[in-house]
Structure formats: structure tokens, C-alpha cells
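Shown below: structure-v7.txt, with compact mmCIF, C-alpha atoms and all ligand atoms.
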```txt
# COMPACT_ATOMS: atom_id res chain seq x y z
CA MET A 1 72.59 -72.71 179.71
CA THR A 2 70.12 -74.66 177.53
CA ARG A 3 69.93 -73.72 173.91
CA GLY A 4 66.78 -71.91 172.78
CA ARG A 5 64.21 -73.61 170.57
CA PHE A 6 64.15 -72.75 166.88
CA ILE A 7 60.55 -72.56 165.64
CA THR A 8 59.62 -71.67 162.07
CA PHE A 9 56.27 -70.67 160.56
CA GLU A 10 55.39 -71.59 157.00
CA GLY A 11 52.49 -71.44 154.55
CA THR A 12 51.39 -69.96 151.25
CA GLU A 13 50.54 -66.25 150.92
CA GLY A 14 47.90 -64.66 153.15
CA VAL A 15 47.39 -67.54 155.61
CA GLY A 16 47.84 -65.26 158.65
CA LYS A 17 51.46 -66.03 159.57
CA SER A 18 52.27 -62.58 160.98
CA THR A 19 49.22 -62.56 163.24
CA GLN A 20 49.93 -66.06 164.50
CA ILE A 21 53.63 -65.39 165.12
CA GLU A 22 52.51 -62.50 167.32
CA THR A 23 50.12 -64.88 169.13
CA ALA A 24 52.98 -67.33 169.69
CA ARG A 25 55.34 -64.58 170.87
CA ALA A 26 52.79 -63.26 173.37
CA ALA A 27 51.96 -66.75 174.72
CA LEU A 28 55.63 -67.59 175.26
CA ALA A 29 56.50 -64.18 176.70
CA SER A 30 53.71 -64.45 179.26
CA ALA A 31 55.09 -67.87 180.24
CA GLY A 32 58.46 -66.18 180.90
CA VAL A 33 60.27 -67.43 177.78
CA GLU A 34 62.72 -65.02 176.14
CA VAL A 35 61.72 -64.80 172.47
CA LEU A 36 63.21 -63.29 169.33
CA VAL A 37 60.89 -62.80 166.33
CA THR A 38 62.50 -62.56 162.91
CA ARG A 39 61.82 -63.32 159.25
CA GLU A 40 63.25 -64.64 155.99
CA PRO A 41 64.37 -63.51 153.59
CA GLY A 42 65.65 -60.76 155.88
CA GLY A 43 66.28 -60.34 159.59
CA THR A 44 69.54 -58.32 159.42
CA PRO A 45 70.20 -55.07 157.50
CA MET A 46 72.15 -56.88 154.77
CA ALA A 47 69.65 -59.74 154.51
CA GLU A 48 66.80 -57.18 154.33
CA ALA A 49 68.63 -55.54 151.40
CA ILE A 50 68.69 -58.96 149.67
CA ARG A 51 64.96 -59.33 150.45
CA GLU A 52 64.31 -56.06 148.66
CA LEU A 53 66.22 -57.37 145.61
CA LEU A 54 64.18 -60.58 145.66
CA LEU A 55 60.70 -59.11 146.15
CA THR A 56 60.85 -56.08 143.83
CA PRO A 57 58.93 -56.77 140.60
CA ARG A 58 61.20 -56.31 137.58
CA ASP A 59 61.05 -56.53 133.78
CA GLU A 60 64.12 -58.75 133.56
CA SER A 61 63.29 -62.42 134.03
CA VAL A 62 64.94 -63.79 137.16
CA ASN A 63 66.74 -67.10 136.78
CA PRO A 64 65.58 -69.66 139.39
CA LEU A 65 69.21 -70.30 140.39
CA THR A 66 69.80 -66.58 140.99
CA GLU A 67 66.72 -66.56 143.21
CA LEU A 68 67.88 -69.69 145.04
CA LEU A 69 71.39 -68.37 145.69
CA LEU A 70 70.09 -65.02 146.94
CA MET A 71 67.74 -66.82 149.35
CA PHE A 72 70.67 -68.76 150.78
CA ALA A 73 72.97 -65.71 150.79
CA ALA A 74 70.40 -63.89 152.95
CA ARG A 75 70.01 -67.02 155.09
CA ALA A 76 73.75 -67.39 155.74
CA GLN A 77 73.92 -63.81 157.01
CA HIS A 78 70.75 -64.12 159.08
CA LEU A 79 71.55 -67.53 160.55
CA HIS A 80 75.16 -66.89 161.53
CA GLU A 81 74.85 -63.26 162.64
CA HIS A 82 71.43 -63.27 164.27
CA ILE A 83 69.68 -66.64 164.82
CA LEU A 84 72.54 -68.80 166.13
CA PRO A 85 73.84 -66.23 168.65
CA ALA A 86 70.28 -65.89 170.04
CA LEU A 87 69.78 -69.67 170.32
CA ASP A 88 73.20 -69.99 171.99
CA ARG A 89 72.26 -67.53 174.72
CA GLY A 90 69.08 -69.53 175.43
CA CYS A 91 66.63 -67.30 173.56
CA TRP A 92 63.82 -68.96 171.56
CA VAL A 93 63.67 -67.88 167.92
CA LEU A 94 60.36 -67.60 166.07
CA CYS A 95 61.16 -67.24 162.37
CA ASP A 96 58.65 -66.26 159.70
CA ARG A 97 59.73 -68.76 156.99
CA PHE A 98 63.02 -70.66 156.65
CA THR A 99 64.45 -73.37 154.37
CA ASP A 100 61.14 -75.25 154.04
CA ALA A 101 60.03 -72.16 152.06
CA THR A 102 62.97 -72.68 149.70
CA TYR A 103 61.94 -76.30 149.09
CA ALA A 104 58.34 -75.19 148.56
CA TYR A 105 58.85 -72.00 146.48
CA GLN A 106 62.11 -72.58 144.59
CA GLY A 107 61.72 -76.39 144.49
CA GLY A 108 57.95 -76.96 144.19
CA GLY A 109 57.14 -73.57 142.65
CA ARG A 110 60.06 -72.89 140.30
CA GLY A 111 61.14 -76.48 139.66
CA VAL A 112 64.71 -76.26 141.03
CA PRO A 113 65.86 -79.86 141.77
CA MET A 114 65.46 -80.67 145.47
CA GLU A 115 69.02 -82.14 145.59
CA GLN A 116 70.47 -78.72 144.68
CA ILE A 117 68.54 -77.14 147.53
CA ALA A 118 69.72 -79.87 149.90
CA LEU A 119 73.36 -79.15 148.95
CA LEU A 120 73.03 -75.47 149.80
CA GLU A 121 71.10 -76.30 152.97
CA GLN A 122 74.00 -78.44 154.14
CA LEU A 123 76.58 -75.80 153.17
CA VAL A 124 74.83 -72.92 154.94
CA GLN A 125 73.29 -74.72 157.92
CA GLY A 126 75.38 -77.80 158.54
CA ASP A 127 73.14 -80.01 160.68
CA LEU A 128 70.97 -77.19 161.99
CA ARG A 129 67.24 -77.68 161.30
CA PRO A 130 64.23 -76.07 163.00
CA ASP A 131 63.12 -77.88 166.18
CA HIS A 132 59.49 -77.31 165.17
CA THR A 133 57.79 -76.04 162.04
CA ILE A 134 54.21 -74.81 162.12
CA LEU A 135 52.49 -75.03 158.74
CA LEU A 136 49.47 -72.75 158.47
CA ASP A 137 47.48 -74.46 155.78
CA ALA A 138 44.61 -73.05 153.71
CA PRO A 139 43.40 -73.37 150.11
CA VAL A 140 45.49 -71.03 147.95
CA GLU A 141 42.44 -69.07 146.74
CA THR A 142 41.57 -68.01 150.30
CA GLY A 143 45.08 -66.79 151.05
CA MET A 144 45.70 -65.02 147.74
CA ALA A 145 42.53 -62.96 148.14
CA ARG A 146 43.77 -61.83 151.58
CA ALA A 147 47.31 -61.13 150.32
CA ARG A 148 46.02 -59.08 147.35
CA ASP A 149 43.81 -56.93 149.61
CA ARG A 150 46.85 -56.02 151.67
CA SER A 151 49.17 -54.15 149.28
CA ALA A 152 50.54 -54.03 145.73
CA PRO A 153 51.66 -57.57 144.80
CA ASP A 154 55.40 -58.28 145.13
CA ARG A 155 57.38 -60.38 142.61
CA PHE A 156 56.11 -63.66 144.14
CA GLU A 157 52.51 -62.56 144.64
CA GLN A 158 52.35 -61.74 140.90
CA GLU A 159 52.61 -65.47 140.11
CA LYS A 160 49.64 -67.55 138.94
CA MET A 161 47.42 -69.71 141.15
CA GLU A 162 49.10 -72.93 139.85
CA PHE A 163 52.44 -71.73 141.25
CA PHE A 164 50.93 -71.43 144.73
CA GLN A 165 49.10 -74.75 144.39
CA ARG A 166 52.45 -76.48 143.74
CA ILE A 167 53.89 -74.71 146.79
CA ARG A 168 51.03 -75.82 149.03
CA ASP A 169 51.34 -79.41 147.74
CA CYS A 170 55.08 -79.38 148.46
CA TYR A 171 54.60 -78.08 152.01
CA ARG A 172 51.95 -80.71 152.73
CA GLN A 173 54.13 -83.47 151.34
CA ARG A 174 57.10 -82.39 153.46
CA ALA A 175 54.85 -82.20 156.52
CA ALA A 176 53.63 -85.75 155.88
CA GLU A 177 57.23 -86.97 155.53
CA GLN A 178 58.47 -85.31 158.75
CA PRO A 179 55.55 -85.55 161.20
CA GLN A 180 57.77 -85.20 164.28
CA ARG A 181 58.94 -81.70 163.24
CA TYR A 182 55.92 -80.38 161.34
CA HIS A 183 52.65 -79.31 162.95
CA ILE A 184 49.85 -78.57 160.48
CA VAL A 185 47.30 -76.01 161.65
CA ASP A 186 44.13 -75.50 159.60
CA ALA A 187 44.24 -71.76 158.88
CA THR A 188 40.64 -71.62 157.62
CA GLY A 189 39.22 -71.70 161.17
CA SER A 190 38.16 -68.54 163.03
CA LEU A 191 40.94 -66.24 164.24
CA GLU A 192 40.15 -67.22 167.86
CA GLU A 193 40.33 -70.94 167.10
CA VAL A 194 43.60 -70.74 165.14
CA SER A 195 45.17 -68.50 167.82
CA ARG A 196 44.11 -70.89 170.58
CA GLN A 197 45.74 -73.81 168.75
CA ILE A 198 48.96 -71.87 168.07
CA ALA A 199 49.31 -70.74 171.69
CA SER A 200 48.79 -74.23 173.09
CA LEU A 201 51.17 -75.73 170.50
CA VAL A 202 54.07 -73.38 171.24
CA LEU A 203 53.56 -73.71 175.00
CA SER A 204 53.76 -77.50 174.61
CA PHE A 205 57.24 -77.10 173.03
CA ARG A 206 58.63 -76.19 176.49
CA HIS A 207 58.47 -79.84 177.60
P1 LIG B 301 56.64 -63.22 153.13
O1 LIG B 301 55.68 -62.61 152.16
O2 LIG B 301 56.06 -64.35 153.89
O3 LIG B 301 57.34 -62.23 153.99
O4 LIG B 301 57.81 -63.92 152.25
C1 LIG B 301 58.42 -63.26 151.21
C2 LIG B 301 58.34 -64.06 149.94
O5 LIG B 301 59.56 -64.78 149.76
C3 LIG B 301 57.20 -65.05 149.89
O6 LIG B 301 56.54 -64.87 148.65
C4 LIG B 301 57.90 -66.39 149.89
C5 LIG B 301 59.26 -66.10 149.33
N1 LIG B 301 60.33 -67.00 149.80
C6 LIG B 301 60.89 -67.90 148.91
O7 LIG B 301 60.50 -67.94 147.75
N2 LIG B 301 61.89 -68.72 149.35
C7 LIG B 301 62.39 -68.68 150.63
O8 LIG B 301 63.30 -69.44 150.97
C8 LIG B 301 61.80 -67.73 151.54
C9 LIG B 301 62.32 -67.65 152.94
C10 LIG B 301 60.78 -66.92 151.10
```
Could you take the file, read its structure, and then write that structure out as C-alpha cells?
Amino acid sequence: MTRGRFITFEGTEGVGKSTQIETARAALASAGVEVLVTREPGGTPMAEAIRELLLTPRDESVNPLTELLLMFAARAQHLHEHILPALDRGCWVLCDRFTDATYAYQGGGRGVPMEQIALLEQLVQGDLRPDHTILLDAPVETGMARARDRSAPDRFEQEKMEFFQRIRDCYRQRAAEQPQRYHIVDATGSLEEVSRQIASLVLSFRH
């Protein structure tokens, strides 16, 4: 039995990740690939409860380390109880965000030292890294307008534009450093164009 591929989707707010994950799922399913779609933080009942803790706006200021540890607590549960068993039985996993989001949001956004994130990454994941990471990239202004139209802003969406600019810069820098794993897709194109690129990209991962 060959192990499934682990594919993650990243980007700042409102770049169309959910729509494009559905495009990827449909393209792979019609090619006969067994696919599991999941998300972070979340993906299991306990990890979804941690997500709720993380996203709820609150009066108390949240320490960046608390935020970091909760992200990895949710990830440990999700990875070991849900993602790894699926990959082991040959299923492909499409995950809406993973540890690149921690580097971008907690590292780039909140200023947590990257070495601290790397320590937790090693503790929780060992050597496991995504096989492919698709970065949907768009100027932060475009995405924030879309995200704000959608629903009441969560604790992250309440942040200022500069926060999201740092996150986008961090994602782009990581993508430039790891070109074999990262695939940047320009999310400002038409829905048809972006979907066409995503479908052909994920289908190419079969080879
Ligand atoms: P979502 O809106 O894409 O579902 O993601 C939830 C929020 O959690 C989003 O604002 C990004 C944030 N996040 C982090 O800050 N660090 C992480 O490691 C992950 C997975 C998400």
C-alpha cells in the first residue's frame, strides 16, 4: 500500500482557500483518488474545541506563546488521530492550513521566534512535512475585503492590515526558500482560471 500524499493549502484571509480545496477534492475524486479534506486548527472534535478557544474574540489579551501552544496542541491531536491514519491507509489528505500558517501567523504576524516554532514542529511532527503546499497569494486588501463581507470578524480577522502584510511576506519568503514543496498560485485571477490551475496542479501530484 503506498502512503497517501499530504497536501496543504495556505494564504492570508479571504483568498478563496475553501473554494479551491473543493476544486482540488473534486478533480482528484474524479481521477479515482481517495481524498480526505480537513482543516487546522481543528479537524477532530477536541481540536475543533481548541479552534473555538483560539478564534473567539476576547477582552483578555492573549499571549503569543499561549496561542502558539494551543495551535500545536490542536495539531498533535489532529495529526496523530486523523491525518496520519488516513495517509497510512493510502488516502490523500487535503488540509486547509498547517504548520506553515504557524510560521506565518505566530512567527511573522505575532513575532514569535522561528526557532521556537521549529522546536514544537519537531516535537509534534517528527520528520513529517507536507508533500506539497499550495500558496494562494493575493494582496492583503483584496482578501480582507472578502473575509469581512463573509461574517463577523474572528480574533485574527480583527487584526490590522500590517499584521496580514507581515503574514503574506512570511509565506512568500518561505515559498521562495522551498520551491520544490511550495506552489504559488496567483489568487487574483478569475475563479475559472484559478480553479483550472489548482485542478491541473493537484492532478500532476499523482506522478
Ligand atoms: P481559517 O480562517 O483559514 O479557517 O483559519 C483560522 C485562523 O487561524 C486564521 O486566521 C489563521 C489562524 N491560524 C494561525 O494563526 N496559526 C496556525 O497555525 C493555523 C493553522 C491557523
Close residues to ligand LIG 301 (chain B) using only C-alpha atoms and all ligand atoms, limit 10 Å, as JSON, numbers by chain: {"A": [9, 10, 11, 12, 13, 14, 15, 16, 17, 18, 39, 40, 41, 42, 51, 52, 54, 55, 64, 67, 68, 69, 70, 71, 72, 74, 75, 95, 96, 97, 98, 99, 100, 101, 102, 103, 104, 105, 106, 107, 109, 110, 117, 147, 153, 154, 155, 156, 157, 158, 159, 164, 167]}
Which of A:Asp131, A:Pro113, A:Met46, A:Pro85 sits closest to A:Arg206 [using only C-alpha atoms]: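 Selected residue with least distance to A:Arg206: A:Asp131.
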Pick from A:Val140, A:Trp92, A:Ile50, A:Ser190, whichever lies nearest to A:Arg166 using all atoms listed in the file: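 With all atoms listed in the file as the atom set, the closest residue is A:Val140.
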Of the listed residues A:His82, A:Arg150, A:His132, A:Arg89, that which approaches A:Gln178 most closely, counting all atoms listed in the file: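 Selected residue with least distance to A:Gln178: A:His132.
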A:Val202, A:Val35, A:Leu87, A:Ala152 ranked by distance to A:Thr56, top pick (using only C-alpha atoms): A:Ala152
Selection as a list in words: residues within 9 Å of (53.1, -67.1, 170.3), counting all atoms listed in the file: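 Residues lying no farther than 9 Å from the given point: Gln20, Ile21, Glu22, Thr23, Ala24, Arg25, Ala26, Ala27, Leu28, Ala29, Leu94, Ser195, Ile198, Ala199, Ser200, Leu201, Val202 and Leu203 of chain A.
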Distance of atom CA of A:Leu79 from atom CA of A:Ile134, expressed in Å to one decimal place: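 Straight-line distance from atom CA of A:Ile134 to atom CA of A:Leu79 works out to 18.9 Å.
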